[in-house]
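What follows is a short report on a single structure.
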Amino acid sequence: MKHRIVVLGAGYAGAFVAGNLARRLSPADAEVTVVNAEPDFVQRLRLHQLAAGQEVEAPQLADVFAGTGIRLRLARVTAVDPERRVVAVADADGGGELGYDTLLYALGSHGDHRGVPGVAEHAFDIAARPSALRLRERLDSLGRRGEGEGGRVLVVGDGLTGIETAAEIAESRPGLSVALIAHGELGARLSAGARGHLRRACDRLGITVLEHTSVEAVEAARVRCADGTALASDATVWAAGFAVNPIAAASGLEVTGNGRIVVDRTMRSVSHPNVYAVGDSAHAIGDNGLPLPMSCASAGYTGKQAIEAIVGRLTGRTIATTKLVYPGNHISLGRRDGILQLVDDEARAKPTYLGGRRAARIKAGILRLSLWATSHPTFGMPKRRRRLVAAPGAFAGEGARAAGPGAGASVRGGRVAA
């Protein structure tokens, strides 16, 4: 019987890890199954472009994984039972259960309504492709009103997603009136120079910035603020944060207060050793001693560490510790402008930043590279892949830690050793 590896989610982290596991483990010993609700790969970092009306490539996962040996199950994950080692899924045929020996949890995050009344009913978000497309349709309808009669768009949230969304809509649809609602000072986490660059970009794009403003409720045609102000809106975009799926918390896995799975240095669940978590789903401590934030960069670093840990433990090899860092913030300000803000070891903005066309080109290059790497998951496939050192059940739980080399690895001197 082969060792069953089930990967939940095919976003940046899930697709990357699945492809690398298929590339490095022998198909004679291990099988990799990816469970994803949507049939295509979503470039989440470009959903603000999709919403604004641009074309964004969405490769079919069946094509991405073709020839890799990876099994694709198009279904929605409804529950995880780590004691029985099964995942419950729902699909057009009714769903069922998938058993696993090693589980990689990469379900990511979704928009956080923060309990504000009316957000679910009246606001749009760009946390997923379907919702971004709904916003696009709404913006299209506003644009058809004719020149001089464009609609009013309110973007709530001054994080990276809110800033990028406001800038993209303002640049792509100049006939619309765009306002950005910031809870505090706009760009507060950026350096002084980067904050100035951001303000100039908002002025250039015609974005009205409302700082130190809290939204109390969202209605069909307006937003009510905590100070009693009512702001008219034809399309309200909610970008005030992200939350993780509650499945992990309901499963009995050890999670933080916000539902992220608590993992050790190798991305392994501290409560269930046959479960790994990566990306937004994982509460991982970076090399600076601080939790890694939800971000694409974190997805890449946690994914690399999980690959090393899973391959190392299953094949009996020493596990290298990869970097767990958060280098900084990269903000798109339309297609021809951007900000690259590096941070120090305390996650504070460094005094200098890179802005303008060069920053925009660097981010565009990173996005192209990310898409290419995801679309070619087994590039450089070795002719000989690693064989497992034990039967599938040997790594399934605590009692099997002594069953084979690497089963109970620990960190020593910058490496993870059995």
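Identifiers for the structure tokens are assigned positionally: chains receive A, B, ... in sequence, residues are indexed from 1 per chain, and ligands are indexed from 1 in the order shown.
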
Quick one: which stretch 19-107 of chain A residues come within 12 Å of stretch 297-309 of chain A, and what is the nearest atom pair for each with the distance in Å to one decimal, counting only C-alpha atoms, rows ordered by chain and ascending number, as CSV?
```
residue,atom,partner,partner_atom,distance
A:Gly19,CA,A:Ile307,CA,9.8
A:Asn20,CA,A:Ile307,CA,7.0
A:Leu21,CA,A:Ile307,CA,6.6
A:Ala22,CA,A:Ile307,CA,10.3
A:Arg23,CA,A:Ile307,CA,10.6
A:Arg24,CA,A:Ile307,CA,9.2
A:Leu25,CA,A:Ile307,CA,10.4
A:Leu45,CA,A:Ala297,CA,10.9
A:Thr102,CA,A:Ala306,CA,11.4
A:Leu103,CA,A:Ala306,CA,10.9
A:Leu104,CA,A:Ala306,CA,8.5
A:Tyr105,CA,A:Ala306,CA,10.6
A:Ala106,CA,A:Ala299,CA,9.0
A:Leu107,CA,A:Ala299,CA,11.2
```

Please dump the current selection as an mmCIF file, in the first residue's frame; keep N, CA and C atoms.
```cif
data_model
loop_
_atom_site.group_PDB
_atom_site.id
_atom_site.type_symbol
_atom_site.label_atom_id
_atom_site.label_comp_id
_atom_site.auth_asym_id
_atom_site.auth_seq_id
_atom_site.Cartn_x
_atom_site.Cartn_y
_atom_site.Cartn_z
ATOM 1 N N GLY A 19 3.426 19.726 -6.180
ATOM 2 C CA GLY A 19 4.301 19.467 -7.311
ATOM 3 C C GLY A 19 5.676 19.013 -6.896
ATOM 4 N N ASN A 20 6.223 19.626 -5.857
ATOM 5 C CA ASN A 20 7.561 19.247 -5.408
ATOM 6 C C ASN A 20 7.582 17.876 -4.743
ATOM 7 N N LEU A 21 6.513 17.525 -4.033
ATOM 8 C CA LEU A 21 6.459 16.184 -3.444
ATOM 9 C C LEU A 21 6.395 15.130 -4.542
ATOM 10 N N ALA A 22 5.610 15.400 -5.591
ATOM 11 C CA ALA A 22 5.539 14.463 -6.715
ATOM 12 C C ALA A 22 6.884 14.369 -7.427
ATOM 13 N N ARG A 23 7.623 15.441 -7.416
ATOM 14 C CA ARG A 23 8.922 15.481 -8.090
ATOM 15 C C ARG A 23 10.000 14.729 -7.319
ATOM 16 N N ARG A 24 9.867 14.691 -5.999
ATOM 17 C CA ARG A 24 10.963 14.163 -5.190
ATOM 18 C C ARG A 24 10.707 12.792 -4.577
ATOM 19 N N LEU A 25 9.448 12.357 -4.537
ATOM 20 C CA LEU A 25 9.146 11.058 -3.940
ATOM 21 C C LEU A 25 8.833 10.031 -5.025
ATOM 22 N N LEU A 45 -2.817 37.104 -6.125
ATOM 23 C CA LEU A 45 -2.141 38.390 -6.054
ATOM 24 C C LEU A 45 -2.526 39.323 -7.194
ATOM 25 N N THR A 102 -0.327 11.277 5.392
ATOM 26 C CA THR A 102 0.229 12.603 5.648
ATOM 27 C C THR A 102 -0.710 13.629 5.032
ATOM 28 N N LEU A 103 -1.072 14.637 5.812
ATOM 29 C CA LEU A 103 -1.980 15.678 5.337
ATOM 30 C C LEU A 103 -1.249 17.007 5.291
ATOM 31 N N LEU A 104 -1.382 17.703 4.170
ATOM 32 C CA LEU A 104 -0.874 19.069 4.063
ATOM 33 C C LEU A 104 -2.081 19.995 3.972
ATOM 34 N N TYR A 105 -2.248 20.855 4.967
ATOM 35 C CA TYR A 105 -3.390 21.772 5.057
ATOM 36 C C TYR A 105 -2.970 23.116 4.483
ATOM 37 N N ALA A 106 -3.568 23.478 3.331
ATOM 38 C CA ALA A 106 -3.209 24.732 2.657
ATOM 39 C C ALA A 106 -4.464 25.413 2.117
ATOM 40 N N LEU A 107 -5.489 25.521 2.953
ATOM 41 C CA LEU A 107 -6.762 26.086 2.525
ATOM 42 C C LEU A 107 -6.774 27.616 2.496
#
```

- [ ] Write out as a PyMOL selection string the residues lying within 8 Å of A:Gly355, counting only C-alpha atoms and excluding same-chain residues fewer than 6 positions away.
- [x] chain A and resi 194+197+337-340

Let me see the file: selected residues, N, CA and C atoms, as a PDB file, in the first residue's frame.
```pdb
ATOM      1  N   ALA A 194       8.062  56.295   1.520  1.00  0.00           N
ATOM      2  CA  ALA A 194       7.064  55.469   0.837  1.00  0.00           C
ATOM      3  C   ALA A 194       5.653  56.006   1.069  1.00  0.00           C
ATOM      4  N   HIS A 197       5.172  58.778  -1.303  1.00  0.00           N
ATOM      5  CA  HIS A 197       4.973  58.251  -2.657  1.00  0.00           C
ATOM      6  C   HIS A 197       3.545  57.755  -2.829  1.00  0.00           C
ATOM      7  N   ASP A 337       3.255  51.863 -11.701  1.00  0.00           N
ATOM      8  CA  ASP A 337       3.799  52.444 -10.470  1.00  0.00           C
ATOM      9  C   ASP A 337       3.707  51.393  -9.362  1.00  0.00           C
ATOM     10  N   GLY A 338       4.549  51.518  -8.378  1.00  0.00           N
ATOM     11  CA  GLY A 338       4.526  50.586  -7.261  1.00  0.00           C
ATOM     12  C   GLY A 338       5.473  51.021  -6.168  1.00  0.00           C
ATOM     13  N   ILE A 339       5.430  50.301  -5.067  1.00  0.00           N
ATOM     14  CA  ILE A 339       6.313  50.563  -3.928  1.00  0.00           C
ATOM     15  C   ILE A 339       6.888  49.236  -3.457  1.00  0.00           C
ATOM     16  N   LEU A 340       8.185  49.181  -3.284  1.00  0.00           N
ATOM     17  CA  LEU A 340       8.861  48.042  -2.680  1.00  0.00           C
ATOM     18  C   LEU A 340       9.462  48.521  -1.364  1.00  0.00           C
TER      19      LEU A 340
END
```

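We find atom CA of A:Ser251 and atom CA of A:Asp280 to be spaced 17.2 Å apart.
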
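Closest to A:Ser375 among A:Ala13, A:Leu61, A:Leu50, A:Leu292 is A:Leu61, based on only C-alpha atoms.
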
Open item on the list: At a cut-off of 9 Å, using only C-alpha atoms, what residues contact A:Leu139? Leave out same-chain residues fewer than 2 positions from it and give the result as a list in words.
Closed with: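 Using only C-alpha atoms, the neighbours found are Ala51, Ala52, Gly53, Arg134, Leu135, Arg136, Glu137, Ser141, Leu142, Gly143, Arg144, Gly151, Val153, Ile169, Arg173, Leu176, Asp234 and Ala235 of chain A.
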
Task: Contact residues around A:Arg335 with only C-alpha atoms at 12 Å, ignoring same-chain residues under 5 positions, as a PyMOL selection string - done: chain A and resi 46+48-49+52+54+164-165+167-172+201+205+356-364

- [ ] Tell me, as a VMD selection string, which residues lie within 6 Å of A:His283, counting only C-alpha atoms; anything in the same chain fewer than 2 positions away does not count.
- [x] chain A and resid 260 to 262

Task: Top pick for closest residue to A:Val155, considering A:Val237, A:Val80, A:Ala132, A:Ala192 and counting only C-alpha atoms - done: A:Val237

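Coordinates place atom CA of A:Arg84 at a distance of 20.2 Å from atom CA of A:Leu314.
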
TODO: Would you mind listing what lies within 12 Å of A:Glu219 as number ranges by chain, with only C-alpha atoms counted and same-chain residues fewer than 4 positions away left out?
DONE: A: 116-124, 154, 215, 223-225, 230-237

Let's have the selection written as a PDB file, in the first residue's frame, with N, CA and C atoms.
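After the write, part.pdb holds the following:
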```pdb
ATOM      1  N   VAL A 116     -19.175  43.245  10.809  1.00  0.00           N
ATOM      2  CA  VAL A 116     -19.826  44.504  10.441  1.00  0.00           C
ATOM      3  C   VAL A 116     -21.122  44.201   9.691  1.00  0.00           C
ATOM      4  N   PRO A 117     -22.248  44.727  10.143  1.00  0.00           N
ATOM      5  CA  PRO A 117     -23.533  44.452   9.495  1.00  0.00           C
ATOM      6  C   PRO A 117     -23.545  44.887   8.030  1.00  0.00           C
ATOM      7  N   GLY A 118     -24.121  44.053   7.188  1.00  0.00           N
ATOM      8  CA  GLY A 118     -24.309  44.401   5.787  1.00  0.00           C
ATOM      9  C   GLY A 118     -23.177  44.055   4.856  1.00  0.00           C
ATOM     10  N   VAL A 119     -22.019  43.682   5.382  1.00  0.00           N
ATOM     11  CA  VAL A 119     -20.880  43.374   4.502  1.00  0.00           C
ATOM     12  C   VAL A 119     -21.200  42.175   3.618  1.00  0.00           C
ATOM     13  N   ALA A 120     -21.696  41.105   4.218  1.00  0.00           N
ATOM     14  CA  ALA A 120     -21.985  39.895   3.452  1.00  0.00           C
ATOM     15  C   ALA A 120     -23.048  40.138   2.381  1.00  0.00           C
ATOM     16  N   GLU A 121     -24.016  40.974   2.690  1.00  0.00           N
ATOM     17  CA  GLU A 121     -25.127  41.193   1.764  1.00  0.00           C
ATOM     18  C   GLU A 121     -24.815  42.218   0.675  1.00  0.00           C
ATOM     19  N   HIS A 122     -24.048  43.248   1.009  1.00  0.00           N
ATOM     20  CA  HIS A 122     -23.934  44.386   0.094  1.00  0.00           C
ATOM     21  C   HIS A 122     -22.535  44.689  -0.415  1.00  0.00           C
ATOM     22  N   ALA A 123     -21.505  44.153   0.203  1.00  0.00           N
ATOM     23  CA  ALA A 123     -20.138  44.496  -0.209  1.00  0.00           C
ATOM     24  C   ALA A 123     -19.553  43.432  -1.129  1.00  0.00           C
ATOM     25  N   PHE A 124     -18.547  43.828  -1.903  1.00  0.00           N
ATOM     26  CA  PHE A 124     -17.796  42.929  -2.756  1.00  0.00           C
ATOM     27  C   PHE A 124     -16.414  42.724  -2.128  1.00  0.00           C
ATOM     28  N   LEU A 154     -16.376  52.734  -3.200  1.00  0.00           N
ATOM     29  CA  LEU A 154     -15.703  52.873  -1.907  1.00  0.00           C
ATOM     30  C   LEU A 154     -14.910  51.606  -1.628  1.00  0.00           C
ATOM     31  N   VAL A 215     -15.843  51.995   9.665  1.00  0.00           N
ATOM     32  CA  VAL A 215     -17.137  51.686   9.065  1.00  0.00           C
ATOM     33  C   VAL A 215     -17.987  50.919  10.064  1.00  0.00           C
ATOM     34  N   VAL A 223     -22.420  53.676   2.897  1.00  0.00           N
ATOM     35  CA  VAL A 223     -21.663  53.131   4.020  1.00  0.00           C
ATOM     36  C   VAL A 223     -21.835  54.077   5.187  1.00  0.00           C
ATOM     37  N   ARG A 224     -22.195  53.534   6.338  1.00  0.00           N
ATOM     38  CA  ARG A 224     -22.341  54.361   7.541  1.00  0.00           C
ATOM     39  C   ARG A 224     -21.093  54.230   8.403  1.00  0.00           C
ATOM     40  N   CYS A 225     -20.534  55.358   8.777  1.00  0.00           N
ATOM     41  CA  CYS A 225     -19.306  55.384   9.560  1.00  0.00           C
ATOM     42  C   CYS A 225     -19.610  55.596  11.043  1.00  0.00           C
ATOM     43  N   ALA A 230     -22.496  59.353   6.573  1.00  0.00           N
ATOM     44  CA  ALA A 230     -22.999  58.389   5.603  1.00  0.00           C
ATOM     45  C   ALA A 230     -22.379  58.712   4.249  1.00  0.00           C
ATOM     46  N   LEU A 231     -21.709  57.728   3.639  1.00  0.00           N
ATOM     47  CA  LEU A 231     -21.015  57.924   2.368  1.00  0.00           C
ATOM     48  C   LEU A 231     -21.749  57.158   1.273  1.00  0.00           C
ATOM     49  N   ALA A 232     -22.182  57.865   0.246  1.00  0.00           N
ATOM     50  CA  ALA A 232     -22.875  57.217  -0.867  1.00  0.00           C
ATOM     51  C   ALA A 232     -21.917  56.297  -1.610  1.00  0.00           C
ATOM     52  N   SER A 233     -22.440  55.151  -2.019  1.00  0.00           N
ATOM     53  CA  SER A 233     -21.603  54.171  -2.711  1.00  0.00           C
ATOM     54  C   SER A 233     -22.446  53.333  -3.666  1.00  0.00           C
ATOM     55  N   ASP A 234     -21.949  53.212  -4.907  1.00  0.00           N
ATOM     56  CA  ASP A 234     -22.589  52.328  -5.874  1.00  0.00           C
ATOM     57  C   ASP A 234     -21.950  50.944  -5.865  1.00  0.00           C
ATOM     58  N   ALA A 235     -20.734  50.856  -5.336  1.00  0.00           N
ATOM     59  CA  ALA A 235     -20.040  49.565  -5.199  1.00  0.00           C
ATOM     60  C   ALA A 235     -19.066  49.686  -4.038  1.00  0.00           C
ATOM     61  N   THR A 236     -19.321  48.938  -2.986  1.00  0.00           N
ATOM     62  CA  THR A 236     -18.446  48.947  -1.815  1.00  0.00           C
ATOM     63  C   THR A 236     -17.571  47.705  -1.841  1.00  0.00           C
ATOM     64  N   VAL A 237     -16.267  47.916  -1.808  1.00  0.00           N
ATOM     65  CA  VAL A 237     -15.299  46.813  -1.835  1.00  0.00           C
ATOM     66  C   VAL A 237     -14.749  46.641  -0.430  1.00  0.00           C
TER      67      VAL A 237
END
```

Open item on the list: Considering only alpha helix (DSSP H) as DSSP defines it on the backbone, what residues of stretch 173-411 of chain A qualify? List them as number ranges by chain.
Closed with: A: 192-205, 247-251, 296-315, 357-375

TODO: Go through A:Val56, A:Ala75, A:Val7, A:Met1 and flag the residue nearest A:Asn36, using only C-alpha atoms for the distances.
DONE: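 The closest residue to A:Asn36 is A:Ala75.
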
Open item on the list: One number please: atom CA of A:Arg85 to atom CA of A:Asp101, in Å, one decimal.
Closed with: 6.9 Å

Task: From A:Ala243, A:Ala221, A:Ala15, A:Ala88, residue lying nearest A:Arg152 [only C-alpha atoms] - done: A:Ala221

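Between A:Gly184 and the candidates A:Leu133, A:Ile70, A:Ala28, A:Ala240, the tightest atom-to-atom separation, counting only C-alpha atoms, involves A:Ala240.
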
Open item on the list: From a backbone DSSP assignment, name each residue in stretch 236-351 of chain A labelled strand (DSSP E or B), as a PyMOL selection string.
Closed with: chain A and resi 236-238+242-244+255+261-263+268-269+275-277+282-283+285+291+319-320+328-332+338-343+349

Open item on the list: as number ranges by chain, please: the residues near A:Val77 (cut-off 9 Å, only C-alpha atoms, same-chain neighbours under 6 positions excluded).
Closed with: A: 8-9, 35-37, 87-90, 107, 247

Restricting it to N, CA and C atoms, dump the selection as an mmCIF file, in the first residue's frame.
```cif
data_model
loop_
_atom_site.group_PDB
_atom_site.id
_atom_site.type_symbol
_atom_site.label_atom_id
_atom_site.label_comp_id
_atom_site.auth_asym_id
_atom_site.auth_seq_id
_atom_site.Cartn_x
_atom_site.Cartn_y
_atom_site.Cartn_z
ATOM 1 N N LEU A 8 -4.669 19.753 0.820
ATOM 2 C CA LEU A 8 -5.931 20.497 0.811
ATOM 3 C C LEU A 8 -5.663 21.921 0.340
ATOM 4 N N GLY A 9 -6.140 22.245 -0.866
ATOM 5 C CA GLY A 9 -5.955 23.575 -1.415
ATOM 6 C C GLY A 9 -4.874 23.602 -2.479
ATOM 7 N N VAL A 35 -6.838 18.284 -3.306
ATOM 8 C CA VAL A 35 -8.262 18.581 -3.230
ATOM 9 C C VAL A 35 -8.445 20.090 -3.356
ATOM 10 N N ASN A 36 -9.238 20.508 -4.334
ATOM 11 C CA ASN A 36 -9.468 21.934 -4.534
ATOM 12 C C ASN A 36 -10.891 22.151 -5.025
ATOM 13 N N ALA A 37 -11.528 23.212 -4.547
ATOM 14 C CA ALA A 37 -12.930 23.440 -4.897
ATOM 15 C C ALA A 37 -13.099 23.951 -6.322
ATOM 16 N N VAL A 87 -10.505 13.039 5.488
ATOM 17 C CA VAL A 87 -10.996 14.356 5.103
ATOM 18 C C VAL A 87 -12.355 14.172 4.454
ATOM 19 N N ALA A 88 -13.348 14.916 4.893
ATOM 20 C CA ALA A 88 -14.684 14.872 4.285
ATOM 21 C C ALA A 88 -14.775 15.942 3.219
ATOM 22 N N VAL A 89 -15.307 15.565 2.044
ATOM 23 C CA VAL A 89 -15.424 16.507 0.943
ATOM 24 C C VAL A 89 -16.829 16.455 0.363
ATOM 25 N N ALA A 90 -17.205 17.530 -0.316
ATOM 26 C CA ALA A 90 -18.500 17.611 -0.988
ATOM 27 C C ALA A 90 -18.273 18.023 -2.431
ATOM 28 N N LEU A 107 -5.489 25.521 2.953
ATOM 29 C CA LEU A 107 -6.762 26.086 2.525
ATOM 30 C C LEU A 107 -6.774 27.616 2.496
ATOM 31 N N ILE A 247 -12.455 25.219 9.554
ATOM 32 C CA ILE A 247 -12.349 23.757 9.544
ATOM 33 C C ILE A 247 -11.261 23.262 10.482
#
```
